[in-house]
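Data from input-v6.cif: mmCIF, C-alpha atoms and all ligand atoms
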data_start
#
loop_
_atom_site.label_atom_id
_atom_site.label_comp_id
_atom_site.auth_asym_id
_atom_site.auth_seq_id
_atom_site.Cartn_x
_atom_site.Cartn_y
_atom_site.Cartn_z
CA MET A 1 268.46 32.25 -49.26
CA THR A 2 270.77 32.41 -46.23
CA ARG A 3 272.65 29.18 -47.05
CA ASP A 4 276.44 30.00 -47.05
CA ILE A 5 275.90 33.78 -46.96
CA HIS A 6 278.39 35.50 -44.65
CA ASN A 7 279.43 38.72 -46.40
CA ILE A 8 276.71 41.10 -47.59
CA VAL A 9 276.99 44.39 -49.49
CA ILE A 10 273.88 46.52 -49.79
CA LEU A 11 273.64 49.52 -52.16
CA THR A 12 270.86 52.03 -51.56
CA GLY A 13 269.59 54.89 -53.70
CA ALA A 14 266.95 57.60 -53.47
CA GLY A 15 264.15 55.02 -53.66
CA VAL A 16 264.89 53.83 -50.12
CA SER A 17 264.10 57.35 -48.81
CA ALA A 18 261.13 58.04 -51.12
CA GLU A 19 258.54 56.77 -48.62
CA SER A 20 260.05 59.06 -46.00
CA GLY A 21 259.02 61.98 -48.22
CA LEU A 22 262.37 62.81 -49.88
CA ALA A 23 262.19 63.31 -53.64
CA THR A 24 264.08 60.94 -55.89
CA PHE A 25 266.09 62.33 -58.81
CA ARG A 26 264.57 60.87 -61.94
CA GLY A 27 260.93 60.33 -61.08
CA PRO A 28 258.11 62.59 -62.40
CA ASP A 29 258.51 64.94 -59.38
CA GLY A 30 262.25 64.28 -59.40
CA LEU A 31 264.68 66.59 -57.70
CA TRP A 32 266.50 67.28 -60.90
CA GLU A 33 263.20 68.28 -62.49
CA GLY A 34 263.42 71.50 -60.54
CA HIS A 35 267.01 72.11 -61.47
CA ARG A 36 269.42 71.17 -64.22
CA VAL A 37 272.12 68.93 -62.75
CA GLU A 38 274.68 71.16 -64.45
CA ASP A 39 273.33 74.12 -62.48
CA VAL A 40 273.62 72.64 -58.97
CA CYS A 41 275.75 69.50 -58.87
CA THR A 42 279.00 70.12 -60.76
CA PRO A 43 282.27 71.88 -59.87
CA GLU A 44 281.55 74.30 -62.73
CA ALA A 45 278.18 75.19 -61.15
CA LEU A 46 279.97 75.99 -57.88
CA ALA A 47 282.37 78.29 -59.73
CA ARG A 48 279.61 79.87 -61.80
CA ASP A 49 276.87 80.43 -59.22
CA ARG A 50 278.06 79.53 -55.72
CA ALA A 51 275.02 81.06 -54.01
CA LEU A 52 272.60 78.89 -56.04
CA VAL A 53 274.51 75.68 -55.25
CA HIS A 54 274.72 76.47 -51.52
CA ARG A 55 271.00 77.41 -51.50
CA PHE A 56 270.02 74.15 -53.25
CA TYR A 57 271.77 72.06 -50.59
CA ASP A 58 270.63 74.31 -47.72
CA GLU A 59 267.02 73.61 -48.79
CA ARG A 60 267.66 69.84 -48.87
CA ARG A 61 269.49 69.93 -45.49
CA ALA A 62 266.62 71.86 -43.87
CA LYS A 63 264.12 69.28 -45.23
CA LEU A 64 265.83 66.52 -43.19
CA GLY A 65 264.24 67.94 -40.04
CA GLU A 66 260.79 67.24 -41.52
CA VAL A 67 261.29 63.55 -42.39
CA ALA A 68 262.01 60.32 -40.54
CA PRO A 69 263.45 56.89 -41.40
CA ASN A 70 260.91 54.45 -42.89
CA ALA A 71 260.54 50.69 -42.43
CA ALA A 72 263.26 50.02 -45.00
CA HIS A 73 265.86 52.06 -43.07
CA GLU A 74 264.74 50.45 -39.80
CA ALA A 75 265.03 46.93 -41.26
CA LEU A 76 268.54 47.58 -42.62
CA ALA A 77 269.64 48.93 -39.23
CA ALA A 78 268.21 45.81 -37.55
CA LEU A 79 270.15 43.64 -40.02
CA ASP A 80 273.31 45.66 -39.25
CA ARG A 81 272.85 45.02 -35.52
CA ALA A 82 272.02 41.32 -35.85
CA TRP A 83 274.23 40.14 -38.73
CA ASP A 84 277.36 38.43 -37.36
CA GLY A 85 279.08 38.20 -40.75
CA GLU A 86 280.54 41.10 -42.76
CA LEU A 87 277.95 43.71 -43.76
CA LEU A 88 278.39 47.02 -45.56
CA ILE A 89 275.63 49.45 -46.50
CA VAL A 90 276.83 51.73 -49.32
CA THR A 91 274.42 54.57 -49.89
CA GLN A 92 274.30 57.00 -52.81
CA ASN A 93 271.96 59.11 -50.66
CA VAL A 94 273.14 62.23 -48.87
CA ASP A 95 270.32 62.20 -46.30
CA ASP A 96 270.91 60.97 -42.73
CA LEU A 97 268.05 58.47 -42.52
CA HIS A 98 270.21 55.32 -42.39
CA GLU A 99 272.14 56.74 -39.39
CA ARG A 100 268.97 57.92 -37.67
CA ALA A 101 267.57 54.39 -37.98
CA GLY A 102 270.75 53.12 -36.28
CA ALA A 103 272.87 51.78 -39.16
CA LYS A 104 276.60 51.76 -38.29
CA ARG A 105 278.42 49.86 -41.05
CA LEU A 106 277.62 52.59 -43.58
CA ILE A 107 279.45 54.51 -46.33
CA HIS A 108 278.06 57.66 -47.96
CA MET A 109 279.77 57.37 -51.35
CA HIS A 110 278.23 60.62 -52.65
CA GLY A 111 278.80 62.65 -49.46
CA GLU A 112 276.33 63.93 -46.85
CA LEU A 113 274.09 66.96 -46.40
CA LYS A 114 275.01 67.04 -42.69
CA SER A 115 278.68 67.70 -43.47
CA ALA A 116 280.67 70.66 -44.87
CA LEU A 117 283.91 70.20 -46.78
CA CYS A 118 286.79 72.67 -46.92
CA ALA A 119 287.81 73.14 -50.55
CA ALA A 120 291.17 74.52 -49.34
CA CYS A 121 292.41 71.94 -46.83
CA GLY A 122 290.02 69.01 -47.40
CA LYS A 123 288.72 68.89 -43.81
CA ALA A 124 285.09 67.73 -43.43
CA VAL A 125 283.07 68.97 -40.46
CA PRO A 126 279.56 68.06 -39.20
CA TRP A 127 277.12 70.76 -40.35
CA ASP A 128 273.45 71.14 -39.44
CA ALA A 129 272.56 74.71 -40.38
CA ALA A 130 272.60 76.78 -43.57
CA LEU A 131 276.06 76.99 -45.18
CA PRO A 132 276.49 80.44 -46.75
CA PRO A 133 279.25 80.92 -49.35
CA GLY A 134 282.40 82.19 -47.62
CA SER A 135 281.86 80.11 -44.46
CA VAL A 136 285.20 79.75 -42.70
CA CYS A 137 286.94 76.43 -42.15
CA ASP A 138 287.95 75.95 -38.47
CA GLY A 139 290.90 73.90 -39.64
CA CYS A 140 292.73 76.26 -41.99
CA GLY A 141 290.80 79.48 -41.38
CA LYS A 142 289.98 79.99 -45.04
CA PRO A 143 286.45 81.00 -46.21
CA ALA A 144 286.34 77.81 -48.35
CA LEU A 145 283.59 75.58 -46.91
CA ARG A 146 281.28 73.97 -49.50
CA PRO A 147 278.54 71.33 -49.31
CA ASP A 148 280.21 67.93 -48.67
CA ILE A 149 278.53 66.45 -51.76
CA VAL A 150 280.36 64.50 -54.47
CA PHE A 151 279.53 66.42 -57.64
CA PHE A 152 279.29 64.85 -61.07
CA GLY A 153 282.83 64.39 -62.36
CA GLU A 154 284.28 64.09 -58.84
CA MET A 155 285.51 60.83 -57.28
CA PRO A 156 283.05 59.09 -54.94
CA TYR A 157 284.26 58.48 -51.37
CA ARG A 158 285.98 55.33 -50.02
CA MET A 159 285.91 53.41 -53.30
CA ASP A 160 288.81 51.15 -52.17
CA GLU A 161 286.80 49.89 -49.20
CA ILE A 162 283.74 49.44 -51.39
CA ASP A 163 285.66 47.50 -54.04
CA ASP A 164 287.20 45.25 -51.37
CA ALA A 165 283.75 44.50 -49.92
CA LEU A 166 282.30 43.77 -53.37
CA GLY A 167 285.17 41.34 -54.02
CA GLN A 168 284.33 39.38 -50.85
CA ALA A 169 280.52 39.54 -51.04
CA ASP A 170 278.39 36.39 -51.03
CA LEU A 171 275.26 38.53 -51.49
CA PHE A 172 274.85 41.94 -53.19
CA VAL A 173 271.53 43.71 -52.78
CA SER A 174 270.61 46.91 -54.66
CA ILE A 175 267.68 48.86 -53.21
CA GLY A 176 265.87 51.87 -54.72
CA THR A 177 268.27 52.99 -57.43
CA SER A 178 267.75 53.53 -61.14
CA GLY A 179 271.21 52.26 -62.05
CA ALA A 180 271.78 55.47 -64.00
CA VAL A 181 275.03 56.67 -62.39
CA TYR A 182 278.43 54.99 -62.28
CA PRO A 183 280.42 53.66 -60.50
CA ALA A 184 277.47 52.56 -58.29
CA ALA A 185 275.59 51.20 -61.32
CA GLY A 186 278.50 48.83 -62.01
CA PHE A 187 278.67 47.32 -58.51
CA VAL A 188 276.33 44.47 -59.46
CA GLN A 189 278.67 43.37 -62.23
CA THR A 190 281.72 43.50 -59.93
CA ALA A 191 279.95 41.51 -57.21
CA ARG A 192 278.61 38.96 -59.70
CA HIS A 193 282.05 38.60 -61.30
CA HIS A 194 283.40 37.63 -57.85
CA GLY A 195 280.69 35.04 -57.34
CA ALA A 196 278.08 36.92 -55.31
CA ARG A 197 274.39 36.25 -55.59
CA THR A 198 272.80 39.51 -56.79
CA LEU A 199 269.33 40.76 -55.85
CA GLU A 200 267.52 43.99 -56.83
CA LEU A 201 264.66 45.49 -54.83
CA ASN A 202 263.07 48.40 -56.72
CA LEU A 203 259.74 49.98 -57.53
CA ASP A 204 260.40 49.66 -61.27
CA PRO A 205 262.89 47.69 -63.36
CA SER A 206 266.19 49.61 -63.38
CA ALA A 207 268.76 50.18 -66.11
CA GLY A 208 270.78 47.35 -64.58
CA SER A 209 268.02 44.79 -63.91
CA PHE A 210 269.49 42.54 -66.57
CA TYR A 211 272.62 41.94 -64.43
CA PHE A 212 270.81 40.69 -61.34
CA HIS A 213 270.09 37.02 -60.60
CA GLU A 214 266.79 38.15 -59.13
CA SER A 215 264.66 41.35 -59.18
CA ARG A 216 261.79 41.98 -56.78
CA LEU A 217 259.52 44.90 -57.75
CA GLY A 218 257.64 46.90 -55.14
CA PRO A 219 258.04 49.54 -52.41
CA ALA A 220 261.18 49.31 -50.27
CA SER A 221 259.13 49.64 -47.08
CA LEU A 222 257.62 46.21 -47.84
CA LEU A 223 260.42 44.41 -49.71
CA VAL A 224 263.31 45.31 -47.36
CA PRO A 225 261.74 44.13 -44.08
CA ALA A 226 260.72 40.91 -45.85
CA LEU A 227 264.30 40.36 -47.09
CA VAL A 228 265.76 41.04 -43.63
CA ARG A 229 263.34 38.53 -42.09
CA GLU A 230 264.51 36.00 -44.68
CA LEU A 231 268.20 36.66 -43.94
CA LEU A 232 267.78 36.49 -40.15
CA ALA A 233 265.53 33.39 -40.20
N1 LIG B 1 260.68 51.77 -53.15
C1 LIG B 1 261.66 51.24 -53.93
N2 LIG B 1 262.18 51.88 -55.01
C2 LIG B 1 261.67 53.10 -55.30
C3 LIG B 1 260.65 53.72 -54.52
C4 LIG B 1 260.16 52.99 -53.41
N3 LIG B 1 259.19 53.49 -52.62
N4 LIG B 1 260.38 54.93 -55.08
C5 LIG B 1 261.19 55.07 -56.15
N5 LIG B 1 261.96 53.97 -56.29
C6 LIG B 1 262.99 53.70 -57.30
C7 LIG B 1 262.67 54.24 -58.67
O1 LIG B 1 261.99 53.25 -59.42
C8 LIG B 1 264.07 54.51 -59.24
O2 LIG B 1 264.56 53.37 -59.95
O3 LIG B 1 264.15 54.38 -56.87
C9 LIG B 1 264.94 54.73 -58.01
C10 LIG B 1 265.42 56.16 -57.84
O4 LIG B 1 266.25 56.45 -58.94
P1 LIG B 1 266.93 57.88 -59.03
O5 LIG B 1 265.92 58.95 -58.80
O6 LIG B 1 267.74 57.89 -60.29
O7 LIG B 1 267.92 57.93 -57.77
P2 LIG B 1 269.32 57.19 -57.63
O8 LIG B 1 269.35 55.92 -58.41
O9 LIG B 1 269.62 57.11 -56.17
O10 LIG B 1 270.34 58.26 -58.30
C11 LIG B 1 271.71 57.93 -58.22
O11 LIG B 1 272.29 60.00 -59.27
O12 LIG B 1 271.61 62.15 -59.41
C12 LIG B 1 272.60 61.35 -58.92
O13 LIG B 1 274.02 61.61 -57.07
C13 LIG B 1 272.69 61.44 -57.44
O14 LIG B 1 272.93 59.65 -55.82
C14 LIG B 1 272.20 60.07 -56.98
C15 LIG B 1 272.52 59.18 -58.15
#

Take the structure from the file and write it as structure tokens.
Amino acid sequence: MTRDIHNIVILTGAGVSAESGLATFRGPDGLWEGHRVEDVCTPEALARDRALVHRFYDERRAKLGEVAPNAAHEALAALDRAWDGELLIVTQNVDDLHERAGAKRLIHMHGELKSALCAACGKAVPWDAALPPGSVCDGCGKPALRPDIVFFGEMPYRMDEIDDALGQADLFVSIGTSGAVYPAAGFVQTARHHGARTLELNLDPSAGSFYFHESRLGPASLLVPALVRELLA
């Protein structure tokens, strides 16, 4: 597997954090099951019921204190430390488990629970506690802080860097994502178009399984450490 692999891009989704106890979005106990996406994860929802949106993300931020990285996060952090080629972990997740495992070369394309964004001046600040509506930005002084989450219809973060990495990748690995949401769901096609080998690690076949050279089905806590051992052999 490792023959002539230097540049790796890894995409993770909610499935990589499932075994840490964080709900995925589209499973039977999925996060969205409790809420309609339109009610908590759109700019319109923020305008319509700000308190509900802030409460939804406050609950998810508070939950982070009850969970820990699992073997998949640990293995990816070990790969990040040991891999001497280019490596980029792009996560759709807004939890902090990749960082807590030690990953450094990481992009949160959908934002982060542990950050607050000023809707007035665009400044993002680290945020651990509850974020009540009307919280004041220490940059511009306006009561305009919101959860630093990319809502449906908003542009994911750092797409230029991600596209550059996909264009140079020799290996693209997708871990724990249903392939339901673009642009992340299209990364496999971009990487493959530029000549990368493409590999999917997932509990179930995803909407994009067809596009991968190889799919391995099973829990991330088993498949990811095995892949990292293979890459570092
Ligand atoms: N190991 C590996 N994969 C798993 C595990 C596990 N232990 N548990 C669940 N999965 C897989 C499921 O089979 C599913 O394909 O993880 C995937 C989770 O899919 P979703 O719940 O749709 O989450 P995700 O793909 O990350 O959603 C993408 O959609 O709602 C938006 O912004 C939100 O970032 C999210 C995006």

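The protein and nucleic acid residues lying at most 10 Å from Val40 (chain A) are Trp32, Leu46, Arg48, Asp49, Arg50, Ala51, Leu52, Val53, His54, Arg55, Phe56, Tyr57, Phe151 and Phe152 of chain A, with all atoms listed in the file considered and sequence neighbours fewer than 6 positions away removed.
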
Environment of ligand LIG 1 (chain B) within 8 Å, counting all atoms listed in the file, reported as a VMD selection string: chain A and resid 12 to 19 23 to 27 30 to 32 37 91 to 94 110 150 to 152 175 to 181 184 201 to 206 217 to 221

Proximity to Glu161 (chain A) - best of A:Leu64, A:Ala75, A:Leu88, A:Cys41, all atoms listed in the file: A:Leu88

All residues 7 Å or closer to His73 (chain A), all atoms listed in the file, same chain fewer than 6 positions away omitted, as a PyMOL selection string: chain A and resi 97-98+101

Spatial neighbours of region 117-128 of chain A, 10 Å, only C-alpha atoms, chain gap at least 5 places, as a list in words: Asp58, Arg61, Ala62, Leu64, Gly65, Gly111, Glu112, Ser135, Val136, Cys137, Asp138, Gly139, Cys140, Gly141, Lys142, Pro143, Ala144, Leu145, Arg146, Pro147, Asp148 and Ile149 of chain A

Option closest in space to Gln168 (chain A), from A:Lys114, A:Arg197, A:Arg36, A:His108 [counting all atoms listed in the file]: A:Arg197

Counting only C-alpha atoms, the option among A:Leu11, A:Pro69, A:Gly153, A:Asp80 closest to Glu200 (chain A): A:Leu11

Expected axis-aligned box over every listed atom of region 72-87 of chain A, 4 Å added per side, centre plus edges in Å to one decimal, as JSON:
{"center_x": 271.9, "center_y": 45.1, "center_z": -40.3, "size_x": 25.3, "size_y": 21.9, "size_z": 17.5}
